[in-house]
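Just upload-v4.tsv here, TSV, C-alpha atoms and all ligand atoms:
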chain	number	residue	atom	x	y	z
A	7	MET	CA	-9.21	-56.34	-19.51
A	8	THR	CA	-11.75	-54.83	-17.14
A	9	ILE	CA	-12.68	-56.43	-13.83
A	10	GLY	CA	-16.01	-57.38	-15.44
A	11	ASP	CA	-14.20	-59.20	-18.26
A	12	LEU	CA	-12.04	-61.04	-15.74
A	13	GLN	CA	-15.14	-62.05	-13.75
A	14	LYS	CA	-16.62	-63.53	-16.93
A	15	GLU	CA	-13.42	-65.47	-17.62
A	16	PHE	CA	-13.47	-66.86	-14.08
A	17	GLU	CA	-17.08	-67.98	-14.51
A	18	LYS	CA	-16.28	-69.59	-17.86
A	19	ILE	CA	-13.50	-71.67	-16.29
A	20	TYR	CA	-14.96	-72.47	-12.86
A	21	HIS	CA	-18.74	-72.17	-13.48
A	22	LYS	CA	-19.24	-69.93	-10.46
A	23	PRO	CA	-18.40	-66.32	-9.62
A	24	ALA	CA	-15.11	-65.32	-8.00
A	25	ALA	CA	-15.52	-64.48	-4.32
A	26	HIS	CA	-12.67	-61.94	-4.10
A	27	ILE	CA	-10.32	-59.99	-6.33
A	28	PHE	CA	-6.84	-58.79	-5.36
A	29	PHE	CA	-4.13	-56.85	-7.15
A	30	CYS	CA	-0.36	-56.71	-6.69
A	31	PRO	CA	1.95	-54.38	-8.64
A	32	GLY	CA	5.38	-55.00	-10.14
A	33	ARG	CA	8.35	-52.81	-9.26
A	34	VAL	CA	11.29	-50.89	-10.61
A	35	ASN	CA	14.40	-50.27	-8.57
A	36	LEU	CA	15.55	-46.65	-8.72
A	37	ILE	CA	19.03	-47.39	-7.37
A	38	GLY	CA	20.83	-49.98	-5.21
A	39	GLU	CA	21.24	-52.94	-7.57
A	40	HIS	CA	22.43	-56.41	-6.60
A	41	ILE	CA	23.04	-55.35	-3.03
A	42	ASP	CA	19.89	-56.67	-1.34
A	43	TYR	CA	21.60	-60.03	-0.78
A	44	ASN	CA	24.62	-58.18	0.60
A	45	GLY	CA	22.89	-56.30	3.40
A	46	GLY	CA	22.80	-53.03	1.44
A	47	GLN	CA	20.22	-50.29	1.09
A	48	VAL	CA	17.95	-50.28	-1.94
A	49	MET	CA	15.42	-47.82	-3.34
A	50	PRO	CA	12.65	-49.56	-5.29
A	51	CYS	CA	9.07	-48.44	-5.92
A	52	ALA	CA	5.89	-50.23	-6.92
A	53	ILE	CA	4.47	-49.38	-10.36
A	54	SER	CA	0.94	-49.30	-11.72
A	55	LEU	CA	1.29	-52.47	-13.80
A	56	GLY	CA	0.85	-55.77	-12.01
A	57	THR	CA	-1.10	-58.96	-11.50
A	58	THR	CA	-4.76	-59.49	-10.66
A	59	LEU	CA	-6.06	-62.58	-8.85
A	60	LEU	CA	-9.66	-63.79	-8.81
A	61	ILE	CA	-10.25	-66.47	-6.24
A	62	ALA	CA	-12.96	-68.66	-4.67
A	63	LYS	CA	-12.83	-71.53	-2.20
A	64	ASN	CA	-13.94	-74.97	-3.45
A	65	GLU	CA	-15.21	-78.12	-1.70
A	66	ASP	CA	-12.94	-80.54	-3.58
A	67	ARG	CA	-9.74	-80.16	-1.57
A	68	GLN	CA	-7.93	-79.11	-4.72
A	69	PHE	CA	-5.91	-76.08	-5.71
A	70	ARG	CA	-6.78	-75.22	-9.29
A	71	PHE	CA	-4.54	-72.77	-11.09
A	72	HIS	CA	-5.36	-70.94	-14.32
A	73	ALA	CA	-3.78	-67.86	-15.84
A	74	LEU	CA	-4.93	-65.83	-18.81
A	75	ASP	CA	-1.33	-65.16	-19.84
A	76	PHE	CA	-0.01	-68.74	-19.80
A	77	PRO	CA	-1.39	-71.85	-21.50
A	78	GLU	CA	-0.54	-74.22	-18.63
A	79	SER	CA	-3.10	-74.87	-15.95
A	80	THR	CA	-3.21	-77.53	-13.27
A	81	ALA	CA	-5.09	-78.99	-10.32
A	82	ILE	CA	-3.11	-80.11	-7.29
A	83	ALA	CA	-4.65	-82.19	-4.51
A	84	PHE	CA	-4.45	-80.82	-0.98
A	85	SER	CA	-1.68	-82.53	0.98
A	86	GLN	CA	-0.78	-82.33	4.67
A	87	ASP	CA	2.82	-83.18	3.77
A	88	GLY	CA	3.42	-80.10	1.66
A	89	TYR	CA	4.32	-79.74	-2.01
A	90	SER	CA	7.40	-79.64	-4.17
A	91	LYS	CA	8.22	-77.74	-7.35
A	92	GLN	CA	6.68	-79.25	-10.47
A	93	GLY	CA	8.56	-78.46	-13.67
A	94	PRO	CA	9.25	-74.90	-14.80
A	95	GLU	CA	5.65	-73.65	-14.92
A	96	TRP	CA	4.36	-70.38	-13.50
A	97	PHE	CA	1.98	-72.06	-11.02
A	98	ASN	CA	4.93	-73.08	-8.87
A	99	TYR	CA	4.89	-69.54	-7.45
A	100	PRO	CA	1.41	-69.76	-5.90
A	101	LEU	CA	2.05	-73.41	-5.04
A	102	GLY	CA	5.23	-72.39	-3.20
A	103	VAL	CA	3.21	-69.81	-1.24
A	104	ILE	CA	0.66	-72.46	-0.24
A	105	ASN	CA	3.54	-74.68	0.85
A	106	GLU	CA	5.03	-71.93	3.04
A	107	LEU	CA	1.68	-71.00	4.60
A	108	GLN	CA	0.95	-74.63	5.46
A	109	LYS	CA	4.42	-74.90	7.00
A	110	LYS	CA	3.45	-71.97	9.23
A	111	GLY	CA	0.37	-73.91	10.35
A	112	VAL	CA	-2.21	-71.92	8.35
A	113	GLU	CA	-5.11	-74.29	7.64
A	114	LEU	CA	-6.09	-73.92	4.00
A	115	THR	CA	-8.90	-75.53	2.01
A	116	GLY	CA	-9.27	-76.13	-1.71
A	117	MET	CA	-9.30	-73.02	-3.90
A	118	ASP	CA	-9.77	-71.93	-7.48
A	119	PHE	CA	-7.35	-69.30	-8.77
A	120	LEU	CA	-7.35	-67.19	-11.91
A	121	PHE	CA	-4.38	-64.91	-12.51
A	122	SER	CA	-4.11	-62.19	-15.11
A	123	GLY	CA	-1.23	-59.75	-15.48
A	124	ASN	CA	-0.14	-56.79	-17.55
A	125	LEU	CA	3.53	-56.85	-16.56
A	126	PRO	CA	5.62	-57.90	-19.52
A	127	ILE	CA	6.76	-61.39	-18.42
A	128	GLY	CA	10.50	-61.89	-18.01
A	129	SER	CA	11.10	-58.15	-18.30
A	130	GLY	CA	12.65	-57.77	-14.86
A	131	LEU	CA	9.68	-55.87	-13.42
A	132	SER	CA	9.19	-58.59	-10.80
A	133	SER	CA	6.24	-60.50	-12.18
A	134	SER	CA	7.31	-63.39	-9.92
A	135	ALA	CA	7.38	-61.31	-6.71
A	136	SER	CA	4.05	-59.86	-7.79
A	137	ILE	CA	2.39	-63.28	-8.05
A	138	GLU	CA	4.01	-64.51	-4.80
A	139	VAL	CA	2.98	-61.53	-2.69
A	140	LEU	CA	-0.44	-61.44	-4.37
A	141	THR	CA	-1.14	-65.08	-3.47
A	142	ALA	CA	0.21	-64.66	0.06
A	143	PHE	CA	-1.83	-61.49	0.62
A	144	ALA	CA	-5.03	-63.11	-0.70
A	145	LEU	CA	-4.69	-66.26	1.40
A	146	ASN	CA	-3.71	-64.22	4.46
A	147	GLU	CA	-6.98	-62.28	4.07
A	148	LEU	CA	-9.18	-65.28	3.25
A	149	PHE	CA	-7.89	-67.50	6.03
A	150	GLU	CA	-7.25	-64.70	8.54
A	151	ALA	CA	-3.66	-65.79	9.06
A	152	GLY	CA	-2.77	-62.44	10.62
A	153	LEU	CA	0.57	-61.92	8.83
A	154	SER	CA	1.82	-58.36	8.37
A	155	ARG	CA	2.81	-57.03	4.96
A	156	VAL	CA	6.48	-57.32	5.89
A	157	GLU	CA	5.92	-60.96	6.90
A	158	LEU	CA	4.21	-61.58	3.56
A	159	ALA	CA	7.26	-60.16	1.78
A	160	VAL	CA	9.59	-62.40	3.80
A	161	LEU	CA	7.38	-65.39	2.98
A	162	GLY	CA	7.56	-64.51	-0.73
A	163	LYS	CA	11.35	-64.43	-0.52
A	164	SER	CA	11.37	-67.90	1.09
A	165	VAL	CA	9.34	-69.20	-1.85
A	166	GLU	CA	11.89	-67.76	-4.25
A	167	ASN	CA	14.89	-69.08	-2.27
A	168	ASP	CA	13.67	-72.46	-1.01
A	169	PHE	CA	10.97	-73.52	-3.47
A	170	MET	CA	12.21	-71.95	-6.73
A	171	GLY	CA	15.95	-72.18	-5.97
A	172	LEU	CA	16.91	-68.56	-6.71
A	173	ASN	CA	19.10	-66.90	-4.07
A	174	SER	CA	17.40	-63.54	-4.48
A	175	GLY	CA	17.18	-60.86	-1.82
A	176	ILE	CA	14.06	-59.30	-0.29
A	177	MET	CA	13.85	-56.16	-2.43
A	178	ASP	CA	11.21	-57.18	-4.96
A	179	GLN	CA	8.76	-58.76	-2.53
A	180	PHE	CA	9.19	-55.86	-0.11
A	181	ALA	CA	8.58	-53.26	-2.81
A	182	VAL	CA	5.38	-54.83	-4.09
A	183	ALA	CA	4.07	-55.54	-0.57
A	184	MET	CA	4.95	-52.13	0.92
A	185	GLY	CA	4.91	-49.74	-2.06
A	186	LYS	CA	3.34	-46.32	-1.58
A	187	GLU	CA	1.88	-44.05	-4.22
A	188	ALA	CA	4.31	-41.34	-5.41
A	189	HIS	CA	7.03	-42.57	-2.99
A	190	ALA	CA	10.21	-44.58	-3.25
A	191	VAL	CA	10.87	-47.13	-0.53
A	192	LEU	CA	14.30	-46.82	1.05
A	193	LEU	CA	14.92	-50.24	2.54
A	194	ASN	CA	17.78	-51.48	4.69
A	195	THR	CA	17.89	-55.11	3.57
A	196	ASP	CA	19.86	-56.15	6.67
A	197	THR	CA	17.42	-54.89	9.32
A	198	LEU	CA	14.29	-54.43	7.14
A	199	GLU	CA	13.99	-50.88	8.46
A	200	TYR	CA	12.48	-48.69	5.78
A	201	GLU	CA	11.29	-45.20	5.07
A	202	TYR	CA	9.19	-43.62	2.34
A	203	LEU	CA	10.83	-40.89	0.29
A	204	PRO	CA	8.53	-38.60	-1.73
A	205	PHE	CA	9.52	-39.14	-5.37
A	206	GLU	CA	9.34	-35.54	-6.49
A	207	ILE	CA	11.04	-35.11	-9.82
A	208	GLY	CA	9.64	-31.79	-11.01
A	209	ASP	CA	9.18	-31.63	-14.80
A	210	TYR	CA	10.52	-35.13	-15.30
A	211	VAL	CA	8.83	-38.50	-15.75
A	212	LEU	CA	10.13	-41.94	-14.95
A	213	ALA	CA	10.37	-43.84	-18.22
A	214	ILE	CA	10.68	-47.62	-18.44
A	215	ILE	CA	12.40	-49.02	-21.50
A	216	ASN	CA	11.97	-52.75	-22.00
A	217	SER	CA	14.88	-54.25	-23.95
A	218	ASN	CA	12.56	-57.09	-25.05
A	219	LYS	CA	15.61	-59.31	-24.95
A	220	PRO	CA	14.57	-62.89	-24.40
A	221	ARG	CA	16.07	-63.54	-20.95
A	222	LYS	CA	18.29	-66.56	-20.73
A	223	LEU	CA	20.68	-67.71	-18.03
A	224	VAL	CA	19.35	-65.10	-15.61
A	225	GLU	CA	18.99	-67.61	-12.81
A	226	SER	CA	22.32	-69.34	-13.16
A	227	LYS	CA	24.18	-66.02	-13.58
A	228	TYR	CA	22.30	-64.56	-10.63
A	229	ASN	CA	23.27	-67.44	-8.36
A	230	GLU	CA	26.84	-67.16	-9.67
A	231	ARG	CA	26.99	-63.50	-8.55
A	232	PHE	CA	25.46	-64.48	-5.19
A	233	ASN	CA	28.21	-67.05	-4.67
A	234	GLU	CA	30.96	-64.64	-5.75
A	235	CYS	CA	29.73	-62.20	-3.11
A	236	ARG	CA	29.72	-64.93	-0.45
A	237	THR	CA	33.31	-65.87	-1.33
A	238	ALA	CA	34.44	-62.22	-1.23
A	239	LEU	CA	32.74	-61.72	2.14
A	240	LYS	CA	34.46	-64.77	3.63
A	241	ALA	CA	37.83	-63.48	2.45
A	242	PHE	CA	37.24	-60.05	4.05
A	243	GLN	CA	36.04	-61.69	7.25
A	244	GLN	CA	39.56	-63.03	7.81
A	245	LYS	CA	40.38	-59.48	8.91
A	246	LEU	CA	37.22	-57.36	9.11
A	247	ARG	CA	34.43	-57.89	11.61
A	248	VAL	CA	31.53	-57.58	9.18
A	249	GLN	CA	28.43	-59.62	8.43
A	250	HIS	CA	27.73	-58.23	4.97
A	251	LEU	CA	29.76	-56.90	2.08
A	252	ALA	CA	27.76	-53.67	2.08
A	253	GLU	CA	29.02	-52.87	5.59
A	254	ILE	CA	32.57	-52.40	4.29
A	255	SER	CA	33.65	-48.84	3.47
A	256	VAL	CA	35.43	-47.96	0.24
A	257	GLU	CA	38.55	-47.17	2.31
A	258	ASP	CA	38.50	-50.57	4.05
A	259	PHE	CA	37.97	-52.21	0.69
A	260	GLU	CA	41.05	-50.49	-0.76
A	261	GLN	CA	43.18	-51.43	2.25
A	262	ASN	CA	42.10	-55.06	2.33
A	263	LYS	CA	41.37	-56.02	-1.27
A	264	THR	CA	44.49	-58.18	-1.52
A	265	LEU	CA	42.66	-60.64	0.75
A	266	LEU	CA	40.46	-61.45	-2.23
A	267	ASN	CA	43.36	-62.50	-4.37
A	268	ASP	CA	41.16	-62.49	-7.46
A	269	PRO	CA	40.50	-59.58	-9.85
A	270	VAL	CA	36.94	-60.75	-10.60
A	271	LEU	CA	35.98	-60.87	-6.92
A	272	GLU	CA	37.53	-57.44	-6.49
A	273	LYS	CA	35.26	-56.01	-9.17
A	274	ARG	CA	32.16	-57.65	-7.70
A	275	ALA	CA	32.89	-56.44	-4.18
A	276	LEU	CA	33.73	-52.91	-5.28
A	277	HIS	CA	30.40	-52.68	-7.09
A	278	VAL	CA	28.49	-53.74	-3.98
A	279	ILE	CA	30.35	-51.37	-1.67
A	280	ALA	CA	30.23	-48.33	-3.96
A	281	GLU	CA	26.60	-48.95	-4.99
A	282	ASN	CA	25.57	-48.88	-1.34
A	283	GLU	CA	27.30	-45.50	-0.99
A	284	ARG	CA	25.46	-44.26	-4.08
A	285	VAL	CA	22.12	-45.14	-2.51
A	286	LYS	CA	22.93	-42.95	0.49
A	287	LYS	CA	23.87	-40.08	-1.82
A	288	ALA	CA	20.74	-40.68	-3.91
A	289	LYS	CA	18.61	-40.31	-0.79
A	290	GLU	CA	20.24	-36.97	-0.01
A	291	ALA	CA	19.79	-35.81	-3.60
A	292	LEU	CA	16.13	-36.82	-3.71
A	293	THR	CA	15.25	-35.28	-0.37
A	294	SER	CA	16.97	-32.02	-1.25
A	295	GLY	CA	15.30	-31.86	-4.66
A	296	ASP	CA	18.59	-32.23	-6.54
A	297	ILE	CA	17.31	-34.32	-9.45
A	298	GLU	CA	20.43	-33.73	-11.55
A	299	THR	CA	22.63	-35.41	-8.93
A	300	PHE	CA	20.11	-38.22	-8.59
A	301	GLY	CA	20.31	-38.74	-12.37
A	302	ALA	CA	24.12	-38.69	-12.35
A	303	LEU	CA	24.09	-41.40	-9.66
A	304	MET	CA	21.84	-43.50	-11.87
A	305	TYR	CA	24.37	-43.31	-14.70
A	306	ALA	CA	27.20	-44.17	-12.29
A	307	SER	CA	25.20	-47.16	-11.05
A	308	HIS	CA	24.78	-48.40	-14.61
A	309	ASP	CA	28.50	-48.04	-15.34
A	310	SER	CA	29.29	-50.15	-12.30
A	311	LEU	CA	26.76	-52.83	-13.22
A	312	GLN	CA	28.20	-52.88	-16.74
A	313	ASP	CA	31.92	-52.88	-15.95
A	314	LEU	CA	32.34	-54.28	-12.44
A	315	TYR	CA	29.34	-56.50	-11.79
A	316	GLU	CA	28.93	-57.48	-15.47
A	317	VAL	CA	25.20	-58.03	-15.48
A	318	SER	CA	24.22	-55.61	-18.25
A	319	GLY	CA	24.58	-56.48	-21.94
A	320	ILE	CA	24.54	-54.85	-25.34
A	321	GLU	CA	20.78	-54.26	-25.27
A	322	LEU	CA	20.67	-52.43	-21.92
A	323	ASP	CA	23.90	-50.58	-22.71
A	324	THR	CA	22.47	-49.40	-26.03
A	325	ILE	CA	19.48	-47.95	-24.18
A	326	VAL	CA	21.57	-46.17	-21.56
A	327	ASP	CA	24.11	-44.94	-24.15
A	328	PHE	CA	21.26	-43.40	-26.14
A	329	CYS	CA	19.95	-41.73	-22.97
A	330	ARG	CA	23.34	-40.10	-22.38
A	331	THR	CA	23.13	-38.41	-25.77
A	332	TYR	CA	19.55	-37.24	-25.32
A	333	LYS	CA	19.55	-33.69	-24.00
A	334	ASP	CA	16.40	-33.93	-21.91
A	335	CYS	CA	17.34	-37.13	-20.13
A	336	ILE	CA	19.21	-36.59	-16.86
A	337	GLY	CA	19.77	-40.16	-15.74
A	338	ALA	CA	19.29	-43.77	-16.78
A	339	ARG	CA	20.29	-47.25	-15.71
A	340	MET	CA	19.36	-50.89	-16.01
A	341	THR	CA	16.96	-51.98	-13.27
A	342	GLY	CA	16.55	-55.38	-11.62
A	343	ALA	CA	18.69	-58.46	-12.12
A	344	GLY	CA	19.94	-57.50	-15.60
A	345	PHE	CA	20.94	-59.79	-18.49
A	346	GLY	CA	18.09	-58.20	-20.45
A	347	GLY	CA	14.94	-56.85	-18.88
A	348	CYS	CA	14.32	-53.14	-18.44
A	349	ALA	CA	16.13	-49.84	-18.02
A	350	ILE	CA	14.69	-46.72	-16.42
A	351	ALA	CA	15.32	-43.09	-17.33
A	352	LEU	CA	14.36	-39.62	-16.11
A	353	ILE	CA	13.01	-37.67	-19.10
A	354	LYS	CA	11.59	-34.14	-19.35
A	355	GLN	CA	7.86	-34.70	-19.45
A	356	GLU	CA	7.23	-32.57	-22.54
A	357	CYS	CA	9.87	-34.54	-24.48
A	358	PHE	CA	8.62	-38.02	-23.64
A	359	ASP	CA	6.99	-38.73	-27.03
A	360	ASP	CA	10.02	-37.50	-28.91
A	361	PHE	CA	12.29	-39.56	-26.67
A	362	ALA	CA	10.19	-42.68	-27.18
A	363	GLU	CA	10.28	-42.28	-30.95
A	364	LYS	CA	14.02	-41.63	-31.16
A	365	ILE	CA	15.14	-44.33	-28.76
A	366	THR	CA	12.93	-46.85	-30.54
A	367	ALA	CA	14.57	-46.03	-33.88
A	368	ALA	CA	18.13	-46.03	-32.46
A	369	TYR	CA	17.61	-49.31	-30.59
A	370	GLU	CA	15.98	-51.07	-33.53
A	371	GLU	CA	18.80	-50.03	-35.83
A	372	LYS	CA	21.45	-51.47	-33.54
A	373	ILE	CA	19.69	-54.48	-32.00
A	374	GLY	CA	17.32	-55.49	-34.79
A	375	TYR	CA	14.00	-55.30	-32.96
A	376	LYS	CA	12.05	-52.63	-31.10
A	377	PRO	CA	12.12	-51.90	-27.37
A	378	GLY	CA	8.97	-51.15	-25.36
A	379	VAL	CA	8.87	-47.59	-24.00
A	380	PHE	CA	6.36	-46.32	-21.48
A	381	SER	CA	6.11	-43.76	-18.73
A	382	SER	CA	5.36	-45.06	-15.31
A	383	VAL	CA	3.44	-44.02	-12.24
A	384	ILE	CA	4.59	-44.98	-8.75
A	385	ALA	CA	1.74	-46.85	-7.15
A	386	GLU	CA	0.51	-48.55	-3.96
A	387	GLY	CA	1.53	-52.05	-2.98
A	388	VAL	CA	-0.67	-55.19	-2.92
A	389	ARG	CA	-4.36	-54.55	-2.21
A	390	THR	CA	-7.91	-55.87	-2.21
A	391	LEU	CA	-10.01	-54.81	-5.21
A	392	VAL	CA	-13.28	-56.58	-4.48
A	401	LIG	C1	16.29	-59.51	-8.75
A	401	LIG	C2	16.15	-60.09	-7.34
A	401	LIG	C3	16.29	-58.99	-6.29
A	401	LIG	C4	17.56	-58.18	-6.51
A	401	LIG	C5	17.67	-57.73	-7.96
A	401	LIG	C6	18.99	-57.07	-8.25
A	401	LIG	O1	15.24	-58.65	-9.02
A	401	LIG	O2	14.90	-60.73	-7.19
A	401	LIG	O3	16.29	-59.58	-5.00
A	401	LIG	O4	18.69	-58.88	-6.11
A	401	LIG	O5	17.52	-58.82	-8.87
A	401	LIG	O6	19.12	-55.89	-7.51

Using structure tokens, write down the structure that the file contains.
Amino acid sequence: MTIGDLQKEFEKIYHKPAAHIFFCPGRVNLIGEHIDYNGGQVMPCAISLGTTLLIAKNEDRQFRFHALDFPESTAIAFSQDGYSKQGPEWFNYPLGVINELQKKGVELTGMDFLFSGNLPIGSGLSSSASIEVLTAFALNELFEAGLSRVELAVLGKSVENDFMGLNSGIMDQFAVAMGKEAHAVLLNTDTLEYEYLPFEIGDYVLAIINSNKPRKLVESKYNERFNECRTALKAFQQKLRVQHLAEISVEDFEQNKTLLNDPVLEKRALHVIAENERVKKAKEALTSGDIETFGALMYASHDSLQDLYEVSGIELDTIVDFCRTYKDCIGARMTGAGFGGCAIALIKQECFDDFAEKITAAYEEKIGYKPGVFSSVIAEGVRTLV
């Protein structure tokens, strides 16, 4: 839909024009998976797909939420006492942002919202972080709250953790708030220090392959992994002076793993520790233009997520297994939380169409339905359109 079409939709619903339009992208994570809640380093980037918000203040002291992609809409009366989550619907994300901003003392008035997105929902490309950071950015602009982009990302994470009940890390919100065109963001999730790494991959393109698997149990499994990591950390802390699992070296892990006294916890912790090491190597590879090594690290990351962290699944494994057999693919892995969602791959540009055709056929034959395959551009973070 064009901006003009969206304007017309807003007018149809609210009988007035939208005052402002904002856009926030989704993200993929290049490497560093499931370590942002363990103090590790991650390497996500914002993509060109995302969510658009049209917004206008109203005089009715009501927050009205509509989305073009979801049937549910609602109106919630302004309340000094804050808000709580209402059922499973999408509008809890912007409502959670309003709740957090009011807690910070930002004085809001009634507003009419219309959201429209082109991120495949539930595909692990962070449609939820996109809507959180988008709402926070828009209200920060409209009400001159003076929050920095990093503060908006932190606020989005609080919504996810405290309002929605998912123990996620900061990676997704940070990536969509701070993303930079043609760059990966290397983020230390302990200190929030970050740097931009030019994503120069020569003749290759970054492909996104959506498993189209209906995602179930993501939240409960995610929180289960979070708790396993907490338990492993506590066990190591009996001997090691560390605050996060990702601080532990592979050598210290090997010497102290008996403290865990549980083979499952051992696998989880080893993934976290080794994945953090891979991110450091991936930075070196990217900055020295060694795309082959970068690709090999992607495959190694996937193996670890499959075997040690156990968050992949037959759909994502089928995609990555196909990539390993495709001559002009030099690296692939699942991206995001897992349990369905998307994989990413580095494919020779001139072979992209052939790759898309062949992986679609191979995946459909094994899984029974088609994946989505597209090539992606690394884009800027949240921004004002109008
Ligand atoms: C989800 C969470 C992130 C991160 C990834 C896994 O996307 O929102 O914080 O933990 O899973 O790396």

Could you pull the residues within 12 Å of A:Gln243, counting only C-alpha atoms, minus those fewer than 2 positions along the same chain, as a compact mmCIF listing (two decimals) with C-alpha atoms, in the coordinates of the input?
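Contents of around-v2.txt, as written:
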# COMPACT_ATOMS: atom_id res chain seq x y z
CA ARG A 236 29.72 -64.93 -0.45
CA THR A 237 33.31 -65.87 -1.33
CA ALA A 238 34.44 -62.22 -1.23
CA LEU A 239 32.74 -61.72 2.14
CA LYS A 240 34.46 -64.77 3.63
CA ALA A 241 37.83 -63.48 2.45
CA LYS A 245 40.38 -59.48 8.91
CA LEU A 246 37.22 -57.36 9.11
CA ARG A 247 34.43 -57.89 11.61
CA VAL A 248 31.53 -57.58 9.18
CA GLN A 249 28.43 -59.62 8.43
CA HIS A 250 27.73 -58.23 4.97
CA LEU A 251 29.76 -56.90 2.08
CA GLU A 253 29.02 -52.87 5.59
CA ILE A 254 32.57 -52.40 4.29
CA ASP A 258 38.50 -50.57 4.05
CA PHE A 259 37.97 -52.21 0.69
CA ASN A 262 42.10 -55.06 2.33
CA LYS A 263 41.37 -56.02 -1.27
CA LEU A 265 42.66 -60.64 0.75
CA LEU A 266 40.46 -61.45 -2.23

request  = Considering all atoms listed in the file, return as a PyMOL selection string whatever protein or nucleic-acid residues lie within 7 Å of A:Val388, sequence-local ones (same chain, fewer than 2 positions apart) excluded.
outcome  = chain A and resi 29-31+140+182-183+386

Given 3 Å of margin on each side, can you work out the centre and size in Å (one decimal) of an axis-aligned box holding every listed atom of ligand LIG 401 (chain A), as JSON?
{"center_x": 17.0, "center_y": -58.3, "center_z": -7.0, "size_x": 10.2, "size_y": 10.8, "size_z": 10.0}

ask   = In terms of the shortest atom-to-atom distance over only C-alpha atoms and all ligand atoms, which of A:Glu281, A:Glu39, A:Asp360, A:Glu78 is closest to ligand LIG 401 (chain A)?
value =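 Under the stated criterion, the closest residue is A:Glu39.
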
For ligand LIG 401 (chain A), the nearest of the candidates A:Gly56, A:Pro269, A:Gly93, A:Gly344, counting all atoms listed in the file =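 Of A:Gly56, A:Pro269, A:Gly93, A:Gly344, the one nearest ligand LIG 401 (chain A), counting all atoms listed in the file, is A:Gly344.
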
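From atom CA of A:Phe84 back to atom CA of A:Gln68, the distance works out to 5.4 Å.
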
query = Quick one: residues within 6 Å of ligand LIG 401 (chain A), with only C-alpha atoms and all ligand atoms, as an NGL selection string?
reply = :A and (39-42 or 174-178 or 342-343)

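Note that the spacing between atom CA of A:Ser255 and atom CA of A:Lys163 amounts to 27.5 Å.
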
key: Straight-line distance linking atom CA of A:Val392 with atom CA of A:Phe205, stated in Å to one decimal   = 28.7 Å

key: Of the listed residues A:Asp209, A:Glu321, A:Glu225, A:Asp75, that which approaches A:Glu298 most closely, counting all atoms listed in the file   =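 Checking each candidate against A:Glu298, we get A:Asp209 as the closest.
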
ask   = Using only C-alpha atoms, which residues sit within 9 Å of stretch 292-296 of chain A once same-chain residues fewer than 2 positions away are excluded, as a list in words?
value =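 The neighbour list is Leu203, Pro204, Phe205, Glu206, Ile207, Gly208, Lys287, Ala288, Lys289, Glu290, Glu298, Thr299, Phe300 and Gly301 of chain A.
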
task = Dump as a ChimeraX atom specification all residues having an atom at most 12 Å from (24.4, -53.5, -15.9), computed in the file's coordinates with only C-alpha atoms.
result = /A:37-40,277,304-327,338-350
